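K.L.:
My questions all concern the structure below.
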Amino acid sequence: ETFLQDALDHSTLIARTPNVTAAMNELSATYNQLLLDGNNGGPLNSADMATRRQASAEFYSTGFLEEFAEKNADQSLDTADFVTALPDASVALQYAYIVQNPYSTEERYKLTVAPDGSAYSTAHGKYIETLRDLAASLNFQDIHLVNPDGILIFTTKKQVDIGNSLITGPLAQSPMADAYRRVTENLTDRNAKIGDLAAFYPAFNEQNMFTAAPIYQGDTFLGVVTLEIPVEQIDALMTNNADWKSLGLGESGETHLVRLEDGVYLSNKRGLIENPDEWLASRVSSGRITQVQADLIRAKDNVAGLYYE
């Protein structure tokens, strides 16, 4: 509870930081003009957009799905709406910072300024280091800025969530959108809210949890900042860094988080951590889980969101 309350307090603080307010203002305004200057500083015509949409669709149907399968025991994902749901400005944003990003998935954050000549990229280069350092100093994995229309216009990590709407489309049912809705349903309360832990497809269906806090300039609502909580820290707390014995839990005792509604585990099991093959085999043989579920749990090395008793 202390850990999560600290995350909420830090999120509220970040939303009220002058640099975050300035970044929200500038990135929101320049996102809105991407169609006017996203082609080497010039406008993007219909042919330019068709090229970008086609390249983005190919990115999802090949590289993204291949990596998704590797991290999800060969399971697949329907990506048909991932590009069609994006407005043109978001396609331009994903093309510049995801599709054309020269770095690998884990290092996309290193792209400081995309070479598209846009005012957005100039603003991105202006704020990225500050926001990246802010996330690291407060132990958040990612900082996202969401404009008043619910579109994710900035992230530090450059996962494929950038450019998506949290109101409609593939991310509308995500844990990030859950945190966003808890804030926007009552904008008179300017404090941060926290969403449920759930699978997040931009992170290849890893279990993620987000906080969200409204950004204001005076009485003007500018948007929302959402922050990704490092769920590894939650596991570290619940397992005492995989040292149960020092807590007096002996050879088999453990503590874990369980979702109230359905009993699904939200933190890892001691048996999986200490003896994964034996633990999974016993669950499969007893009919507690299928082999497909066991393979997915093994790929994640975690039962969170995938197991209940």
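Labeling convention for the structure tokens: chains A, B, ... as they appear, residues from 1 per chain, ligands from 1 in order of appearance.
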Just the residues within 6 Å of stretch 192-209 of chain A, please, counting only C-alpha atoms, with nothing from its chain fewer than 3 positions along; format it as a list in words.
P.N.:
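That gives Leu8, Thr12, Phe68, Gln159, Val160, Asp161, Pro175, Asp178, Ala179, Ala212, Ala213 and Ile229 of chain A.
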K.L.:
Include C-alpha atoms and write out the residues we just selected as a PDB file, in the first residue's frame.
P.N.:
```pdb
ATOM      1  CA  LEU A   8       0.261   8.101  -6.796  1.00  0.00           C
ATOM      2  CA  THR A  12       0.483  14.037  -8.906  1.00  0.00           C
ATOM      3  CA  PHE A  68       5.096 -10.948 -29.946  1.00  0.00           C
ATOM      4  CA  GLN A 159       6.481   1.444 -27.503  1.00  0.00           C
ATOM      5  CA  VAL A 160       3.795   1.029 -30.140  1.00  0.00           C
ATOM      6  CA  ASP A 161       1.280   2.770 -27.875  1.00  0.00           C
ATOM      7  CA  PRO A 175      -4.697  -0.888 -18.280  1.00  0.00           C
ATOM      8  CA  ASP A 178      -8.315   2.226 -17.246  1.00  0.00           C
ATOM      9  CA  ALA A 179      -6.158   4.691 -15.306  1.00  0.00           C
ATOM     10  CA  ALA A 212      -2.736   8.838 -14.387  1.00  0.00           C
ATOM     11  CA  ALA A 213      -2.926  12.471 -13.296  1.00  0.00           C
ATOM     12  CA  ILE A 229       4.693   1.313 -12.660  1.00  0.00           C
TER      13      ILE A 229
END
```
K.L.:
Neighbours of stretch 273-276 of chain A within 9 Å (only C-alpha atoms; same-chain residues fewer than 5 positions away dropped), as a ChimeraX atom specification?
P.N.:
/A:242,268,281,298,301-302
K.L.:
Using only C-alpha atoms, which of A:Val303, A:Thr255, A:Ser90, A:Pro102 sits nearest A:Leu280?
P.N.:
A:Val303
K.L.:
Ranking A:Glu1, A:Ala89, A:Ser46, A:Asn32 by minimum distance to A:Met238 and counting only C-alpha atoms, which one comes first?
P.N.:
A:Glu1
K.L.:
Can you measure atom CA of A:Gln94 to atom CA of A:Gly163 for me? One decimal in Å is fine.
P.N.:
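So the two atoms, atom CA of A:Gln94 and atom CA of A:Gly163, lie 6.5 Å apart.
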K.L.:
Need to verify the contact set: A:Leu187, 12 Å, only C-alpha atoms, exclusion of same-chain residues closer than 6 positions in sequence. Can you return it as a tab-separated table (two decimals) with N, CA, C and O atoms, in the first residue's frame?
P.N.:
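Now in result17.tsv:
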```
chain	number	residue	atom	x	y	z
A	148	PRO	N	-5.99	16.40	-24.78
A	148	PRO	CA	-7.39	16.45	-24.33
A	148	PRO	C	-8.35	15.57	-25.12
A	148	PRO	O	-9.45	15.27	-24.65
A	180	TYR	N	-6.56	6.21	-17.16
A	180	TYR	CA	-6.98	7.46	-17.81
A	180	TYR	C	-8.46	7.75	-17.52
A	180	TYR	O	-8.83	8.88	-17.19
A	181	ARG	N	-9.32	6.72	-17.64
A	181	ARG	CA	-10.75	6.92	-17.40
A	181	ARG	C	-11.03	7.32	-15.96
A	181	ARG	O	-11.92	8.13	-15.68
A	193	LYS	N	-4.76	8.88	-10.11
A	193	LYS	CA	-5.51	7.65	-9.91
A	193	LYS	C	-4.66	6.48	-10.43
A	193	LYS	O	-3.73	6.67	-11.20
A	212	ALA	N	-2.39	7.73	-13.49
A	212	ALA	CA	-2.74	8.84	-14.39
A	212	ALA	C	-3.06	10.05	-13.53
A	212	ALA	O	-3.63	9.93	-12.45
A	213	ALA	N	-2.66	11.23	-14.02
A	213	ALA	CA	-2.93	12.47	-13.30
A	213	ALA	C	-3.22	13.57	-14.31
A	213	ALA	O	-2.58	13.64	-15.36
A	214	PRO	N	-4.18	14.45	-14.01
A	214	PRO	CA	-4.51	15.53	-14.94
A	214	PRO	C	-3.47	16.64	-14.91
A	214	PRO	O	-2.89	16.93	-13.86
A	215	ILE	N	-3.22	17.24	-16.06
A	215	ILE	CA	-2.30	18.37	-16.17
A	215	ILE	C	-3.12	19.63	-16.42
A	215	ILE	O	-3.92	19.68	-17.36
A	216	TYR	N	-2.92	20.61	-15.58
A	216	TYR	CA	-3.63	21.88	-15.71
A	216	TYR	C	-2.63	23.03	-15.83
A	216	TYR	O	-1.51	22.96	-15.30
A	219	ASP	N	-6.67	27.07	-14.59
A	219	ASP	CA	-7.91	26.29	-14.63
A	219	ASP	C	-8.12	25.59	-15.97
A	219	ASP	O	-9.17	24.97	-16.18
A	220	THR	N	-7.13	25.68	-16.86
A	220	THR	CA	-7.25	25.07	-18.18
A	220	THR	C	-6.71	23.64	-18.17
A	220	THR	O	-5.54	23.41	-17.83
A	221	PHE	N	-7.56	22.69	-18.54
A	221	PHE	CA	-7.15	21.29	-18.62
A	221	PHE	C	-6.35	21.07	-19.90
A	221	PHE	O	-6.83	21.31	-21.00
A	222	LEU	N	-5.10	20.61	-19.75
A	222	LEU	CA	-4.21	20.42	-20.89
A	222	LEU	C	-4.15	18.97	-21.37
A	222	LEU	O	-3.84	18.71	-22.54
A	223	GLY	N	-4.41	18.04	-20.49
A	223	GLY	CA	-4.28	16.63	-20.83
A	223	GLY	C	-3.98	15.81	-19.60
A	223	GLY	O	-4.20	16.26	-18.46
A	224	VAL	N	-3.46	14.62	-19.82
A	224	VAL	CA	-3.19	13.68	-18.73
A	224	VAL	C	-1.79	13.10	-18.89
A	224	VAL	O	-1.36	12.83	-20.02
```
K.L.:
Could you please write out, as a short mmCIF file (atom, residue, chain, number, x, y, z; two decimals) with C-alpha atoms, in the first residue's frame, every residue of stretch 68-227 of chain A that DSSP assigns to strand (DSSP E)?
P.N.:
```cif
data_model
loop_
_atom_site.label_atom_id
_atom_site.label_comp_id
_atom_site.auth_asym_id
_atom_site.auth_seq_id
_atom_site.Cartn_x
_atom_site.Cartn_y
_atom_site.Cartn_z
CA ASP A 142 7.71 5.24 -18.88
CA ILE A 143 6.05 8.65 -19.00
CA HIS A 144 3.22 9.26 -21.48
CA LEU A 145 1.45 12.49 -22.36
CA VAL A 146 -2.19 12.25 -23.48
CA LEU A 152 -1.16 9.45 -26.63
CA ILE A 153 1.12 12.06 -28.18
CA PHE A 154 4.39 11.29 -26.35
CA THR A 155 6.19 8.45 -24.58
CA LYS A 193 -5.51 7.65 -9.91
CA ILE A 194 -4.27 4.10 -10.42
CA ALA A 198 -3.54 -6.24 -16.89
CA ALA A 199 -1.92 -7.38 -20.14
CA PHE A 200 -0.64 -4.50 -22.27
CA GLU A 206 3.34 -8.16 -20.22
CA GLN A 207 1.25 -7.35 -17.15
CA ASN A 208 1.34 -3.59 -16.64
CA MET A 209 -0.10 -1.09 -14.19
CA PHE A 210 -0.43 2.65 -14.72
CA THR A 211 -1.13 5.80 -12.78
CA ALA A 212 -2.74 8.84 -14.39
CA ALA A 213 -2.93 12.47 -13.30
CA PRO A 214 -4.51 15.53 -14.94
CA ILE A 215 -2.30 18.37 -16.17
CA TYR A 216 -3.63 21.88 -15.71
CA GLN A 217 -2.37 25.35 -16.47
CA THR A 220 -7.25 25.07 -18.18
CA PHE A 221 -7.15 21.29 -18.62
CA LEU A 222 -4.21 20.42 -20.89
CA GLY A 223 -4.28 16.63 -20.83
CA VAL A 224 -3.19 13.68 -18.73
CA VAL A 225 0.17 12.22 -17.79
CA THR A 226 0.21 8.45 -17.35
CA LEU A 227 3.10 6.60 -15.77
#
```
K.L.:
Which is closer to A:Tyr265 than all the others in A:Glu309, A:Thr62, A:Val91, A:Thr168, using only C-alpha atoms?
P.N.:
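Result for the nearest residue to A:Tyr265: A:Glu309.
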K.L.:
Would you mind reading off the distance between atom CA of A:Ala177 and atom CA of A:Gly150, one decimal, in Å?
P.N.:
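According to the coordinates, atom CA of A:Ala177 and atom CA of A:Gly150 are separated by 9.1 Å.
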K.L.:
Hey, which of A:Glu251, A:Glu58, A:Asp48, A:Glu129 ends up closest to A:Val83? Count only C-alpha atoms.
P.N.:
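Of all the options, A:Glu58 lies closest to A:Val83.
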K.L.:
Select, from A:Ile162, A:Lys300, A:Tyr60, A:Tyr308, the residue with the minimum atom-to-atom distance to A:Ala73, counting only C-alpha atoms.
P.N.:
A:Lys300
K.L.:
In stretch 90-270 of chain A, what's alpha helix (DSSP H) per DSSP? Answer as an MDAnalysis selection string?
P.N.:
chainID A and resid 90:94 119:137 175:184 231:239 270
K.L.:
Write a file of the just-selected residues containing C-alpha atoms, as a compact mmCIF listing (two decimals), in the first residue's frame.
P.N.:
```
# COMPACT_ATOMS: atom_id res chain seq x y z
CA SER A 90 -0.77 9.51 -35.42
CA VAL A 91 0.27 7.45 -38.44
CA ALA A 92 2.88 10.12 -39.20
CA LEU A 93 4.02 9.97 -35.57
CA GLN A 94 4.32 6.17 -35.50
CA ALA A 119 8.05 21.12 -35.22
CA TYR A 120 6.92 18.11 -33.17
CA SER A 121 10.35 16.50 -33.45
CA THR A 122 12.02 19.77 -32.48
CA ALA A 123 9.83 19.87 -29.36
CA HIS A 124 10.47 16.17 -28.75
CA GLY A 125 14.22 16.77 -28.75
CA LYS A 126 13.72 19.66 -26.35
CA TYR A 127 11.91 17.64 -23.66
CA ILE A 128 12.84 13.96 -24.08
CA GLU A 129 15.94 13.95 -21.88
CA THR A 130 14.22 15.83 -19.05
CA LEU A 131 11.19 13.55 -19.05
CA ARG A 132 13.30 10.41 -19.38
CA ASP A 133 15.42 11.47 -16.40
CA LEU A 134 12.30 12.33 -14.42
CA ALA A 135 10.87 8.85 -14.98
CA ALA A 136 14.14 7.20 -13.97
CA SER A 137 14.60 9.31 -10.83
CA PRO A 175 -4.70 -0.89 -18.28
CA MET A 176 -3.42 2.55 -19.35
CA ALA A 177 -6.91 3.49 -20.54
CA ASP A 178 -8.32 2.23 -17.25
CA ALA A 179 -6.16 4.69 -15.31
CA TYR A 180 -6.98 7.46 -17.81
CA ARG A 181 -10.75 6.92 -17.40
CA ARG A 182 -10.51 7.06 -13.62
CA VAL A 183 -9.01 10.54 -13.93
CA THR A 184 -11.15 12.00 -16.71
CA VAL A 231 5.62 -4.38 -11.80
CA GLU A 232 8.92 -6.10 -11.04
CA GLN A 233 9.04 -3.93 -7.92
CA ILE A 234 5.63 -5.22 -6.86
CA ASP A 235 6.90 -8.80 -7.22
CA ALA A 236 10.03 -7.87 -5.26
CA LEU A 237 7.86 -6.57 -2.42
CA MET A 238 5.52 -9.55 -2.38
CA THR A 239 8.34 -12.11 -2.48
CA ARG A 270 7.03 -19.04 -5.09
```
K.L.:
Work out how far apart atom CA of A:Tyr95 and atom CA of A:Ser56 are and give it in Å to one decimal.
P.N.:
6.4 Å
